[in-house]
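J.: entry03.cif (mmCIF, C-alpha atoms) pasted underneath:
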```cif
data_upload
loop_
_atom_site.label_atom_id
_atom_site.label_comp_id
_atom_site.auth_asym_id
_atom_site.auth_seq_id
_atom_site.Cartn_x
_atom_site.Cartn_y
_atom_site.Cartn_z
CA MET X 1 46.00 15.01 -31.82
CA LYS X 2 46.18 11.73 -29.90
CA LEU X 3 46.54 13.67 -26.66
CA ASN X 4 43.42 15.70 -27.43
CA ARG X 5 41.46 12.53 -28.16
CA ARG X 6 42.59 10.98 -24.90
CA LEU X 7 41.64 14.09 -22.98
CA LEU X 8 38.23 14.16 -24.69
CA ARG X 9 37.68 10.48 -23.92
CA PHE X 10 38.76 11.02 -20.32
CA TRP X 11 36.47 14.05 -20.04
CA ARG X 12 33.46 12.09 -21.32
CA GLN X 13 34.10 9.25 -18.87
CA LEU X 14 34.00 11.50 -15.80
CA PRO X 15 30.71 11.13 -13.85
CA LEU X 16 30.32 14.91 -13.79
CA THR X 17 30.75 15.48 -17.53
CA SER X 18 29.73 12.21 -19.16
CA PRO X 19 26.93 12.88 -21.70
CA ARG X 20 25.73 9.28 -21.39
CA LEU X 21 25.44 9.48 -17.60
CA TRP X 22 23.73 12.86 -17.76
CA ALA X 23 21.19 11.48 -20.25
CA ARG X 24 20.42 8.69 -17.79
CA ARG X 25 20.17 11.10 -14.88
CA VAL X 26 17.73 13.36 -16.71
CA ALA X 27 15.63 10.37 -17.78
CA PHE X 28 15.62 9.05 -14.20
CA TRP X 29 14.56 12.44 -12.82
CA ALA X 30 11.81 12.65 -15.43
CA GLY X 31 10.66 9.18 -14.39
CA ALA X 32 10.44 10.23 -10.73
CA VAL X 33 8.36 13.27 -11.70
CA LEU X 34 6.12 11.06 -13.84
CA VAL X 35 5.51 8.71 -10.88
CA ALA X 36 4.42 11.70 -8.78
CA LEU X 37 2.14 13.00 -11.53
CA VAL X 38 0.50 9.61 -11.99
CA ALA X 39 0.04 9.24 -8.22
CA ILE X 40 -1.67 12.64 -8.01
CA ALA X 41 -3.92 11.86 -10.97
CA PHE X 42 -4.70 8.44 -9.50
CA ALA X 43 -5.75 10.07 -6.22
CA ASP X 44 -8.10 12.48 -7.99
CA LEU X 45 -9.59 9.70 -10.11
CA ALA X 46 -10.08 7.53 -7.00
CA ASP X 47 -12.03 10.34 -5.33
CA GLY X 48 -14.10 10.65 -8.49
CA ALA X 49 -14.83 6.92 -8.58
CA GLN X 50 -16.06 6.98 -4.98
CA ALA X 51 -18.15 10.07 -5.68
CA LEU X 52 -19.72 8.31 -8.68
CA PHE X 53 -20.61 5.32 -6.51
CA GLN X 54 -22.21 7.56 -3.89
CA LEU X 55 -24.10 9.47 -6.57
CA VAL X 56 -25.61 6.29 -7.98
CA THR X 57 -26.34 4.48 -4.72
CA GLY X 58 -27.23 7.50 -2.57
CA PRO X 59 -30.90 7.76 -3.65
CA HIS X 60 -31.22 3.97 -3.98
CA PRO X 61 -28.92 2.16 -1.50
CA TRP X 62 -30.21 -1.26 -2.50
CA LEU X 63 -28.60 -0.87 -5.95
CA VAL X 64 -25.31 -1.88 -4.34
CA LEU X 65 -26.63 -5.45 -4.24
CA ILE X 66 -26.30 -5.41 -8.03
CA ILE X 67 -23.40 -3.00 -8.55
CA ALA X 68 -20.92 -4.61 -6.15
CA PRO X 69 -21.23 -8.24 -7.36
CA VAL X 70 -21.23 -7.24 -11.03
CA GLY X 71 -18.36 -4.78 -10.58
CA LEU X 72 -16.11 -7.22 -8.72
CA ALA X 73 -16.87 -10.07 -11.13
CA LEU X 74 -16.05 -7.82 -14.09
CA SER X 75 -12.83 -6.69 -12.41
CA VAL X 76 -11.63 -10.25 -11.87
CA LEU X 77 -12.59 -11.19 -15.43
CA LEU X 78 -10.59 -8.28 -16.85
CA THR X 79 -7.67 -9.05 -14.55
CA ARG X 80 -7.46 -12.61 -15.81
CA THR X 81 -8.04 -11.93 -19.50
CA VAL X 82 -6.79 -8.41 -20.29
CA PHE X 83 -4.49 -7.34 -17.43
CA PRO X 84 -2.84 -10.44 -15.94
CA GLY X 85 -0.43 -9.46 -13.21
CA ALA X 86 -2.60 -6.58 -11.97
CA GLN X 87 -4.37 -8.54 -9.23
CA GLY X 88 -3.95 -7.86 -5.53
CA SER X 89 -2.46 -4.86 -3.80
CA GLY X 90 0.67 -4.68 -5.97
CA ILE X 91 3.21 -4.65 -3.15
CA PRO X 92 3.85 -8.44 -3.10
CA GLN X 93 4.34 -8.34 -6.87
CA VAL X 94 6.95 -5.60 -6.59
CA MET X 95 8.74 -7.47 -3.80
CA ALA X 96 8.76 -10.65 -5.87
CA SER X 97 10.05 -8.87 -8.97
CA LEU X 98 13.15 -7.76 -7.08
CA HIS X 99 14.18 -11.42 -6.84
CA MET X 100 13.34 -12.51 -10.38
CA ALA X 101 16.17 -13.22 -12.79
CA ASP X 102 14.12 -13.65 -15.97
CA PRO X 103 13.20 -10.26 -17.51
CA ARG X 104 10.11 -11.84 -19.08
CA HIS X 105 8.74 -12.73 -15.66
CA VAL X 106 9.43 -9.21 -14.39
CA SER X 107 7.56 -7.73 -17.37
CA ARG X 108 4.49 -9.78 -16.50
CA VAL X 109 4.04 -7.85 -13.23
CA LEU X 110 5.88 -4.60 -13.99
CA SER X 111 4.94 -3.07 -17.32
CA LEU X 112 3.06 -0.05 -18.54
CA ARG X 113 0.20 -2.34 -19.56
CA VAL X 114 -0.04 -3.71 -16.02
CA ALA X 115 0.19 -0.17 -14.62
CA VAL X 116 -2.72 1.01 -16.75
CA GLY X 117 -4.74 -2.04 -15.76
CA LYS X 118 -3.92 -1.51 -12.10
CA VAL X 119 -5.24 2.03 -12.16
CA LEU X 120 -8.38 1.27 -14.18
CA LEU X 121 -9.37 -1.82 -12.23
CA THR X 122 -8.73 -0.20 -8.85
CA LEU X 123 -11.03 2.63 -9.95
CA LEU X 124 -13.60 0.03 -11.01
CA GLY X 125 -13.41 -1.53 -7.56
CA LEU X 126 -13.94 1.82 -5.85
CA ALA X 127 -16.82 2.63 -8.20
CA SER X 128 -18.36 -0.73 -7.18
CA GLY X 129 -18.16 -0.06 -3.44
CA ALA X 130 -15.17 -2.27 -2.64
CA SER X 131 -13.16 -1.49 0.49
CA VAL X 132 -9.78 -0.99 -1.19
CA GLY X 133 -7.07 1.65 -1.27
CA ARG X 134 -4.96 3.16 -4.01
CA GLU X 135 -1.65 3.34 -2.14
CA GLY X 136 -0.54 -0.27 -2.72
CA PRO X 137 -1.46 -0.10 -6.41
CA THR X 138 0.49 3.15 -6.67
CA VAL X 139 3.59 1.24 -5.53
CA GLN X 140 3.24 -1.21 -8.42
CA VAL X 141 2.45 1.60 -10.86
CA GLY X 142 5.53 3.56 -9.77
CA ALA X 143 7.73 0.47 -10.01
CA SER X 144 6.29 -0.30 -13.47
CA ILE X 145 7.10 3.19 -14.71
CA MET X 146 10.68 2.89 -13.50
CA GLN X 147 10.98 -0.62 -14.94
CA ALA X 148 9.89 0.70 -18.34
CA LEU X 149 12.44 3.49 -17.96
CA GLY X 150 15.19 0.97 -17.26
CA GLN X 151 14.29 -0.99 -20.37
CA ALA X 152 14.28 2.18 -22.48
CA LEU X 153 17.73 3.12 -21.17
CA ARG X 154 18.99 -0.46 -21.72
CA LEU X 155 20.78 -0.52 -18.40
CA PRO X 156 23.37 -3.30 -18.36
CA ARG X 157 23.41 -4.09 -14.64
CA VAL X 158 20.60 -6.07 -13.03
CA GLU X 159 21.32 -4.31 -9.71
CA THR X 160 20.69 -0.92 -11.32
CA GLN X 161 17.42 -2.11 -12.86
CA ARG X 162 16.27 -3.42 -9.48
CA GLY X 163 17.29 -0.13 -7.93
CA LEU X 164 14.99 1.66 -10.35
CA VAL X 165 12.10 -0.63 -9.39
CA LEU X 166 12.81 -0.03 -5.71
CA ALA X 167 12.97 3.72 -6.30
CA GLY X 168 9.70 3.68 -8.22
CA GLY X 169 7.90 1.83 -5.44
CA ALA X 170 9.27 4.18 -2.79
CA ALA X 171 8.32 7.23 -4.84
CA GLY X 172 4.82 5.77 -5.22
CA VAL X 173 4.32 5.54 -1.45
CA ALA X 174 5.79 8.99 -0.89
CA ALA X 175 3.55 10.60 -3.50
CA ALA X 176 0.42 8.68 -2.48
CA PHE X 177 0.62 9.78 1.16
CA ASN X 178 2.76 12.91 0.66
CA THR X 179 5.19 11.33 3.14
CA PRO X 180 8.76 11.39 1.73
CA LEU X 181 10.44 9.85 4.74
CA ALA X 182 7.87 7.02 4.86
CA GLY X 183 8.60 6.24 1.22
CA ILE X 184 12.29 5.77 1.95
CA VAL X 185 11.66 3.71 5.09
CA PHE X 186 9.09 1.58 3.27
CA ALA X 187 11.61 0.74 0.55
CA ILE X 188 14.21 -0.25 3.13
CA GLU X 189 12.04 -2.14 5.62
CA GLU X 190 9.36 -3.71 3.48
CA LEU X 191 10.23 -3.84 -0.23
CA SER X 192 13.90 -4.81 -0.10
CA HIS X 193 14.50 -5.84 3.54
CA ASN X 194 17.95 -4.33 3.25
CA PHE X 195 19.71 -1.10 2.37
CA GLU X 196 22.33 -1.43 -0.34
CA ALA X 197 24.68 1.45 -1.02
CA ARG X 198 24.25 0.93 -4.75
CA THR X 199 20.50 1.61 -4.67
CA SER X 200 20.08 3.91 -1.66
CA GLY X 201 20.93 7.04 -3.61
CA MET X 202 18.45 6.16 -6.36
CA VAL X 203 15.65 5.63 -3.83
CA ILE X 204 16.29 8.88 -2.00
CA THR X 205 16.69 10.87 -5.22
CA ALA X 206 13.43 9.50 -6.65
CA VAL X 207 11.55 10.29 -3.46
CA VAL X 208 12.98 13.81 -3.25
CA ILE X 209 12.20 14.64 -6.88
CA GLY X 210 8.76 13.08 -6.67
CA GLY X 211 8.14 14.94 -3.42
CA ILE X 212 9.05 18.25 -5.02
CA ALA X 213 6.62 17.56 -7.87
CA THR X 214 3.87 16.60 -5.43
CA LEU X 215 4.52 19.68 -3.32
CA ALA X 216 4.39 21.93 -6.38
CA LEU X 217 1.09 20.51 -7.64
CA SER X 218 -0.77 19.51 -4.45
CA GLY X 219 0.70 21.85 -1.86
CA ASN X 220 2.19 21.06 1.54
CA TYR X 221 -0.74 19.09 2.92
CA THR X 222 -0.96 16.31 5.52
CA TYR X 223 -2.87 13.19 4.52
CA PHE X 224 -5.10 13.10 7.62
CA GLY X 225 -4.88 16.76 8.57
CA VAL X 226 -2.93 18.29 11.44
CA THR X 227 -3.48 17.38 15.07
CA SER X 228 -1.48 18.70 18.00
CA VAL X 229 -2.95 16.41 20.64
CA GLY X 230 -0.62 14.81 23.16
CA LEU X 231 -0.74 11.87 25.55
CA PRO X 232 -0.27 12.71 29.23
CA LEU X 233 1.93 10.51 31.39
CA GLY X 234 0.28 8.17 33.82
CA THR X 235 -2.98 6.39 33.13
CA GLY X 236 -3.01 7.68 29.54
CA TRP X 237 -0.13 5.34 28.73
CA MET X 238 -2.38 2.39 29.50
CA ALA X 239 -3.92 3.23 26.12
CA VAL X 240 -0.55 2.49 24.51
CA ILE X 241 -0.63 -1.04 25.90
CA LEU X 242 -4.30 -1.60 25.04
CA CYS X 243 -3.99 -0.25 21.47
CA GLY X 244 -0.75 -2.14 20.87
CA VAL X 245 -2.13 -5.46 22.08
CA THR X 246 -5.58 -5.11 20.50
CA GLY X 247 -4.26 -3.69 17.24
CA GLY X 248 -1.61 -6.40 17.04
CA LEU X 249 -4.12 -9.19 17.66
CA LEU X 250 -6.68 -7.93 15.15
CA GLY X 251 -4.05 -6.99 12.57
CA GLY X 252 -2.32 -10.34 12.90
CA LEU X 253 -5.64 -12.16 12.62
CA PHE X 254 -6.52 -10.19 9.48
CA SER X 255 -3.16 -11.02 7.89
CA GLN X 256 -3.42 -14.68 8.82
CA ILE X 257 -6.85 -14.90 7.19
CA LEU X 258 -5.50 -13.44 3.95
CA ILE X 259 -2.46 -15.72 3.99
CA THR X 260 -4.58 -18.82 4.67
CA MET X 261 -7.00 -17.97 1.89
CA ALA X 262 -4.11 -17.23 -0.52
CA ARG X 263 -2.75 -20.73 0.09
CA GLY X 264 -6.15 -22.10 -0.83
CA LEU X 265 -8.81 -23.83 1.22
CA GLY X 266 -8.87 -27.58 1.29
CA GLY X 267 -11.79 -29.77 0.38
CA PRO X 268 -14.70 -29.07 -1.95
CA ALA X 269 -14.96 -25.38 -0.97
CA GLY X 270 -11.38 -24.63 -1.98
CA LEU X 271 -11.72 -26.57 -5.21
CA TRP X 272 -14.94 -24.70 -6.08
CA ILE X 273 -13.31 -21.30 -5.47
CA LYS X 274 -10.36 -22.25 -7.65
CA ARG X 275 -12.62 -23.35 -10.49
CA ASN X 276 -15.07 -20.44 -10.22
CA PRO X 277 -13.03 -17.28 -9.42
CA ILE X 278 -15.45 -14.91 -11.15
CA VAL X 279 -18.50 -16.29 -9.35
CA PHE X 280 -16.56 -16.18 -6.08
CA ALA X 281 -15.71 -12.51 -6.73
CA ALA X 282 -19.42 -11.81 -7.25
CA LEU X 283 -20.23 -13.51 -3.92
CA CYS X 284 -17.56 -11.36 -2.23
CA GLY X 285 -19.22 -8.32 -3.81
CA LEU X 286 -22.55 -9.42 -2.34
CA VAL X 287 -20.92 -9.71 1.10
CA ILE X 288 -19.47 -6.21 0.72
CA ALA X 289 -22.90 -4.89 -0.28
CA VAL X 290 -24.62 -6.44 2.74
CA ILE X 291 -21.94 -5.10 5.10
CA GLY X 292 -22.31 -1.67 3.51
CA LEU X 293 -26.08 -1.68 3.98
CA VAL X 294 -25.69 -2.73 7.63
CA SER X 295 -23.20 0.12 8.20
CA HIS X 296 -25.41 2.61 6.34
CA GLY X 297 -22.78 3.02 3.64
CA ALA X 298 -19.83 3.76 5.93
CA THR X 299 -17.70 0.76 4.88
CA TYR X 300 -17.58 1.48 1.14
CA GLY X 301 -14.40 2.84 -0.42
CA THR X 302 -11.04 3.65 1.10
CA GLY X 303 -12.27 4.81 4.51
CA TYR X 304 -10.13 7.92 4.21
CA ALA X 305 -12.98 10.33 5.04
CA GLN X 306 -13.91 8.49 8.24
CA ALA X 307 -10.31 8.24 9.41
CA ARG X 308 -9.65 11.93 8.79
CA LEU X 309 -12.75 12.97 10.73
CA LEU X 310 -11.70 10.76 13.64
CA VAL X 311 -8.13 12.10 13.66
CA GLU X 312 -9.41 15.69 13.65
CA GLY X 313 -11.99 14.90 16.34
CA ASN X 314 -14.97 15.84 14.19
CA ALA X 315 -16.87 12.55 14.24
CA ARG X 316 -17.78 9.51 16.29
CA LEU X 317 -18.53 6.25 14.54
CA PRO X 318 -20.54 3.29 15.81
CA ALA X 319 -18.54 0.82 17.89
CA SER X 320 -19.13 -1.84 15.23
CA PHE X 321 -17.55 0.17 12.41
CA PHE X 322 -13.97 -1.12 12.81
CA LEU X 323 -15.15 -4.74 12.72
CA LEU X 324 -17.45 -4.19 9.72
CA LYS X 325 -14.72 -2.29 7.85
CA LEU X 326 -12.25 -5.09 8.59
CA LEU X 327 -14.65 -7.69 7.16
CA ALA X 328 -15.40 -5.56 4.09
CA THR X 329 -11.67 -5.11 3.44
CA ALA X 330 -11.02 -8.83 3.82
CA ALA X 331 -13.85 -9.66 1.38
CA SER X 332 -12.53 -7.10 -1.10
CA TYR X 333 -8.99 -8.45 -1.02
CA LEU X 334 -10.01 -12.11 -1.13
CA SER X 335 -12.17 -11.48 -4.18
CA GLY X 336 -8.99 -11.13 -6.25
CA ILE X 337 -9.63 -7.63 -7.57
CA PRO X 338 -6.79 -5.07 -7.79
CA GLY X 339 -6.71 -2.82 -4.76
CA GLY X 340 -4.65 -2.10 -1.67
CA ILE X 341 -5.24 -2.37 2.07
CA PHE X 342 -3.24 0.62 3.33
CA ALA X 343 -6.02 3.22 3.58
CA PRO X 344 -8.72 0.75 4.73
CA SER X 345 -6.36 -0.55 7.43
CA LEU X 346 -5.67 2.97 8.67
CA SER X 347 -9.43 3.56 8.76
CA VAL X 348 -10.00 0.35 10.74
CA GLY X 349 -7.23 1.33 13.16
CA ALA X 350 -8.60 4.84 13.64
CA SER X 351 -12.08 3.54 14.41
CA LEU X 352 -10.60 0.90 16.73
CA GLY X 353 -8.82 3.68 18.61
CA SER X 354 -12.05 5.68 18.76
CA PHE X 355 -13.80 2.68 20.29
CA LEU X 356 -11.03 2.06 22.84
CA ALA X 357 -11.08 5.75 23.78
CA THR X 358 -14.41 5.20 25.50
CA PHE X 359 -12.53 3.35 28.25
CA PHE X 360 -10.27 6.36 28.95
CA THR X 361 -12.48 9.26 29.94
CA HIS X 362 -9.58 11.48 31.05
CA THR X 363 -7.40 10.90 27.99
CA PRO X 364 -7.86 12.85 24.71
CA ALA X 365 -9.79 10.64 22.29
CA ARG X 366 -7.82 11.91 19.29
CA ALA X 367 -4.58 10.67 20.86
CA ILE X 368 -6.00 7.18 21.23
CA VAL X 369 -7.29 7.32 17.64
CA LEU X 370 -3.68 7.75 16.49
CA LEU X 371 -2.54 4.89 18.71
CA GLY X 372 -5.27 2.61 17.38
CA MET X 373 -4.37 3.58 13.83
CA VAL X 374 -0.68 2.76 14.16
CA GLY X 375 -1.34 -0.32 16.28
CA TYR X 376 -3.65 -2.02 13.81
CA PHE X 377 -1.63 -0.93 10.77
CA SER X 378 1.59 -2.24 12.28
CA GLY X 379 -0.20 -5.48 13.17
CA VAL X 380 -1.32 -5.96 9.57
CA VAL X 381 1.87 -5.12 7.67
CA GLN X 382 4.33 -6.13 10.42
CA ALA X 383 6.60 -3.26 9.41
CA PRO X 384 6.68 -1.24 12.64
CA ILE X 385 9.10 1.46 11.53
CA THR X 386 7.15 2.16 8.34
CA ALA X 387 3.91 2.18 10.34
CA PHE X 388 4.88 4.82 12.88
CA VAL X 389 6.73 6.97 10.33
CA ILE X 390 3.67 7.02 8.05
CA VAL X 391 1.28 7.95 10.88
CA LEU X 392 3.62 10.62 12.22
CA GLU X 393 4.13 12.19 8.80
CA MET X 394 0.44 11.97 7.89
CA THR X 395 -0.64 13.88 11.00
CA ALA X 396 2.37 16.15 11.60
CA ASN X 397 2.20 15.44 15.34
CA GLN X 398 5.58 15.40 17.04
CA GLN X 399 4.12 15.26 20.55
CA MET X 400 2.94 11.69 19.95
CA THR X 401 6.26 10.37 18.65
CA ILE X 402 7.20 8.15 21.60
CA PRO X 403 3.67 6.77 22.26
CA ILE X 404 3.17 6.01 18.56
CA MET X 405 6.57 4.31 18.27
CA THR X 406 5.91 2.24 21.38
CA THR X 407 2.45 1.19 20.21
CA SER X 408 3.77 0.24 16.78
CA MET X 409 6.53 -1.97 18.18
CA LEU X 410 4.20 -3.61 20.71
CA ALA X 411 1.61 -4.33 18.01
CA PHE X 412 4.33 -5.85 15.82
CA VAL X 413 5.41 -8.24 18.59
CA VAL X 414 1.82 -9.25 19.40
CA SER X 415 0.94 -9.69 15.72
CA ARG X 416 3.81 -12.16 15.29
CA LEU X 417 2.18 -14.33 17.98
CA VAL X 418 -0.90 -14.63 15.76
CA CYS X 419 0.65 -14.48 12.28
CA ARG X 420 4.18 -15.90 12.20
CA ARG X 421 5.10 -14.51 8.77
CA PRO X 422 4.59 -10.95 7.47
CA LEU X 423 1.69 -10.59 5.06
CA TYR X 424 3.43 -8.97 2.09
CA GLY X 425 6.55 -11.10 2.33
CA THR X 426 4.54 -14.32 2.49
CA LEU X 427 2.33 -13.35 -0.46
CA ALA X 428 5.41 -12.28 -2.42
CA ARG X 429 7.16 -15.57 -1.73
CA ARG X 430 4.10 -17.50 -2.87
CA PHE X 431 3.81 -15.37 -6.00
CA LEU X 432 7.51 -15.90 -6.71
CA LEU X 433 7.15 -19.66 -6.22
CA GLU X 434 4.36 -19.76 -8.80
CA THR X 435 6.14 -17.49 -11.29
CA GLU X 436 9.84 -18.34 -10.98
CA PRO X 437 10.46 -21.27 -8.59
CA ALA X 438 14.23 -21.14 -9.10
CA ALA X 439 14.32 -17.73 -7.41
CA ILE X 440 13.36 -19.32 -4.10
CA LEU X 441 16.56 -21.36 -4.20
CA ARG X 442 18.80 -18.31 -4.48
CA PRO X 443 20.30 -16.87 -1.30
CA ALA X 444 17.86 -15.32 1.21
CA PRO X 445 15.01 -14.05 -0.94
CA LEU X 446 12.16 -12.52 1.01
CA GLU X 447 13.40 -13.65 4.38
CA ASP X 448 12.29 -11.88 7.52
CA PRO X 449 14.57 -9.06 8.59
#
```
The structure in this file should be written as structure tokens.
T.:
Amino acid sequence: MKLNRRLLRFWRQLPLTSPRLWARRVAFWAGAVLVALVAIAFADLADGAQALFQLVTGPHPWLVLIIAPVGLALSVLLTRTVFPGAQGSGIPQVMASLHMADPRHVSRVLSLRVAVGKVLLTLLGLASGASVGREGPTVQVGASIMQALGQALRLPRVETQRGLVLAGGAAGVAAAFNTPLAGIVFAIEELSHNFEARTSGMVITAVVIGGIATLALSGNYTYFGVTSVGLPLGTGWMAVILCGVTGGLLGGLFSQILITMARGLGGPAGLWIKRNPIVFAALCGLVIAVIGLVSHGATYGTGYAQARLLVEGNARLPASFFLLKLLATAASYLSGIPGGIFAPSLSVGASLGSFLATFFTHTPARAIVLLGMVGYFSGVVQAPITAFVIVLEMTANQQMTIPIMTTSMLAFVVSRLVCRRPLYGTLARRFLLETEPAAILRPAPLEDP
């Protein structure tokens, strides 16, 4: 009898046959599928919010002068009173949460309540004409779902709970862009800045399961369509240098502006903004409305439609579009509303490449659009590997692998000359300092790789 009990106990402790471990595995897999489902629903709702904005403002463009200020002010009000922790893109919050020791602090930025608020308020921003994306918010939503899963499972190890958060964020990127490899690379390069054996399997498993769910429901699509354009050797490679340098300079400048504003302006202006965040958000909405009217409505929303048309070679935008879109995105982010900068940055980069293509008459314009896209994006996020993997996966273009990689790395180097610290890491460190100062004193949190 004792022997049978020992054998049964031994059998239940084996990783392959343990009921407790299998219950956790099934729950984890279900969580990864749920992240994918939420990301797909979020994408459809975001398209609907932009369509609603266009429906209302199409016949009467001047209405944006009312809708944008009111919408952004309402979003900031709700963020501060109903959904605290939902502000910003969501990526710095996830990065900061990975270094928090107090579960209460983690719950303030990663909870189902925050996830719901993130989705609703991002949709409100898009319905108000803000130049924001849903990809960054999807990272926080995915991490929040996995954090809630970890609490439900009552996981004993902090490392395992952080692995779930990391896996949720990676699955969010993968599902948002339908780019599984980019999700894994993003988790390694940007969210965690390292690759621990304990969590690597969780990240990859979550991305794979989420990718299967996305593939089953949305099909095998590419985010910006398919382009088979290549870049000929010779003078065409001058575009690599130009896009890398220009994208790095503009991307670094954009990041430095956001970092400087996040630290707070000095003097009366900074004090006024701190005391009147809702009024400041309304003023940012007014700026967005004016920029949108100047651009004839092109700068509203994510910018996905414009970028896709440029990648596929079906449109030419005014030379001023990339600058106007950059300013609209900066105003949207600085207003304090929930919303990401991934899609708007890709749109700015694509239009920058389209503009630079005018200087290369014998080089395919679509190739330079891709170089501009990866150059500016890499300059903004200062995560060169993530940048070129995302662009390659989103366009399914293997011919441009080496030029895109080269442009991304060059833009990263140039961006560091303008903005010494990476945007997300700096914002995460500041958020962590405000939330849990003791975390900054622990070994190497949020240091540059």
J.: Compile the contact shell of Ala239 in chain X as a ChimeraX atom specification: residues with an atom at most 9 Å away, counting only C-alpha atoms, same-chain residues fewer than 2 positions apart removed.
T.: /X:235-237,241-244,353,356-357,359-360,363,368,371-372,407
J.: What does the PyMOL selection byres ((chain X and resi 375) around 8) select in this file, as a PyMOL selection string?
T.: chain X and resi 243-248+349+371-374+376-379+407-408+410-412
J.: So what does the PyMOL selection byres ((chain X and resi 42) around 9) actually pick up in this one, as a ChimeraX atom specification?
T.: /X:37-41,43-47,119,123,134,138,176
J.: Give me the result of the PyMOL selection byres ((chain X and resi 95) around 10) on this file, residue by residue, as a PyMOL selection string.
T.: chain X and resi 90-94+96-100+140+165-166+169+187+190-193+424-425+427-429+431-432+445-446
J.: For CA of Ala307 in chain X and CA of Ser415 in chain X, determine how far apart the two atoms are, in Å to one decimal place.
T.: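 Between these atoms lies a distance of 22.1 Å.
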J.: Please report the interatomic distance between CA of Ala182 in chain X and CA of Ala170 in chain X in Å with one decimal.
T.: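 About the pair CA of Ala182 in chain X and CA of Ala170 in chain X: they are 8.3 Å apart.
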J.: What is the CA of Pro344 in chain X to CA of Ser128 in chain X distance in Å?
T.: 15.4 Å
J.: Given all atoms listed in the file as the basis, pick out the residue of X:Leu352, X:Ala331, X:Leu309, X:Cys419 nearest to Val132 in chain X.
T.: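 Going through X:Leu352, X:Ala331, X:Leu309, X:Cys419 one by one, the smallest distance to Val132 in chain X is for X:Ala331.
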J.: Which residues come within 10 Å of Leu423 in chain X, counting all atoms listed in the file, excluding same-chain residues fewer than 2 positions away, as JSON, numbers by chain?
T.: {"X": [92, 252, 254, 255, 256, 257, 258, 259, 379, 380, 381, 382, 383, 419, 420, 421, 425, 426, 427, 428]}
J.: Counting all atoms listed in the file, I want the residues whose atoms come within 6 Å of (5.3, 4.1, 14.9) in the file frame, returned as a PyMOL selection string.
T.: chain X and resi 384-385+387-389+404-405+408
J.: Which residue out of X:Val185, X:Met238, X:Ala148, X:Ala68 has the minimum interatomic distance to Ser107 in chain X when only C-alpha atoms are used?
T.: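 Going through X:Val185, X:Met238, X:Ala148, X:Ala68 one by one, the smallest distance to Ser107 in chain X is for X:Ala148.
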J.: Do a neighbour search on Leu283 in chain X at 8 Å with only C-alpha atoms, toss out local chain neighbours closer than 4 positions, and write the hits as a PDB file with C-alpha atoms, keeping the file's coordinate frame.
T.:
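The result, written out as selection.pdb:
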```
ATOM      1  CA  PRO X  69     -21.230  -8.240  -7.360  1.00  0.00           C
ATOM      2  CA  VAL X 279     -18.500 -16.290  -9.350  1.00  0.00           C
ATOM      3  CA  VAL X 287     -20.920  -9.710   1.100  1.00  0.00           C
TER       4      VAL X 287
END
```
J.: Show which residues sit within 8 Å of Thr122 in chain X, as a list of chain:residue names. Count only C-alpha atoms, and ignore same-chain residues fewer than 3 positions away.
T.: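 Returned residues: X:Lys118, X:Val119, X:Gly125, X:Leu126, X:Val132, X:Gly133, X:Arg134, X:Pro137, X:Ile337, X:Pro338, X:Gly339.
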J.: Restricting the calculation to only C-alpha atoms, which member of X:Ala101, X:Leu433, X:Val369, X:Ala73 is positioned closest to Val240 in chain X?
T.: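 Nearest to Val240 in chain X: X:Val369.
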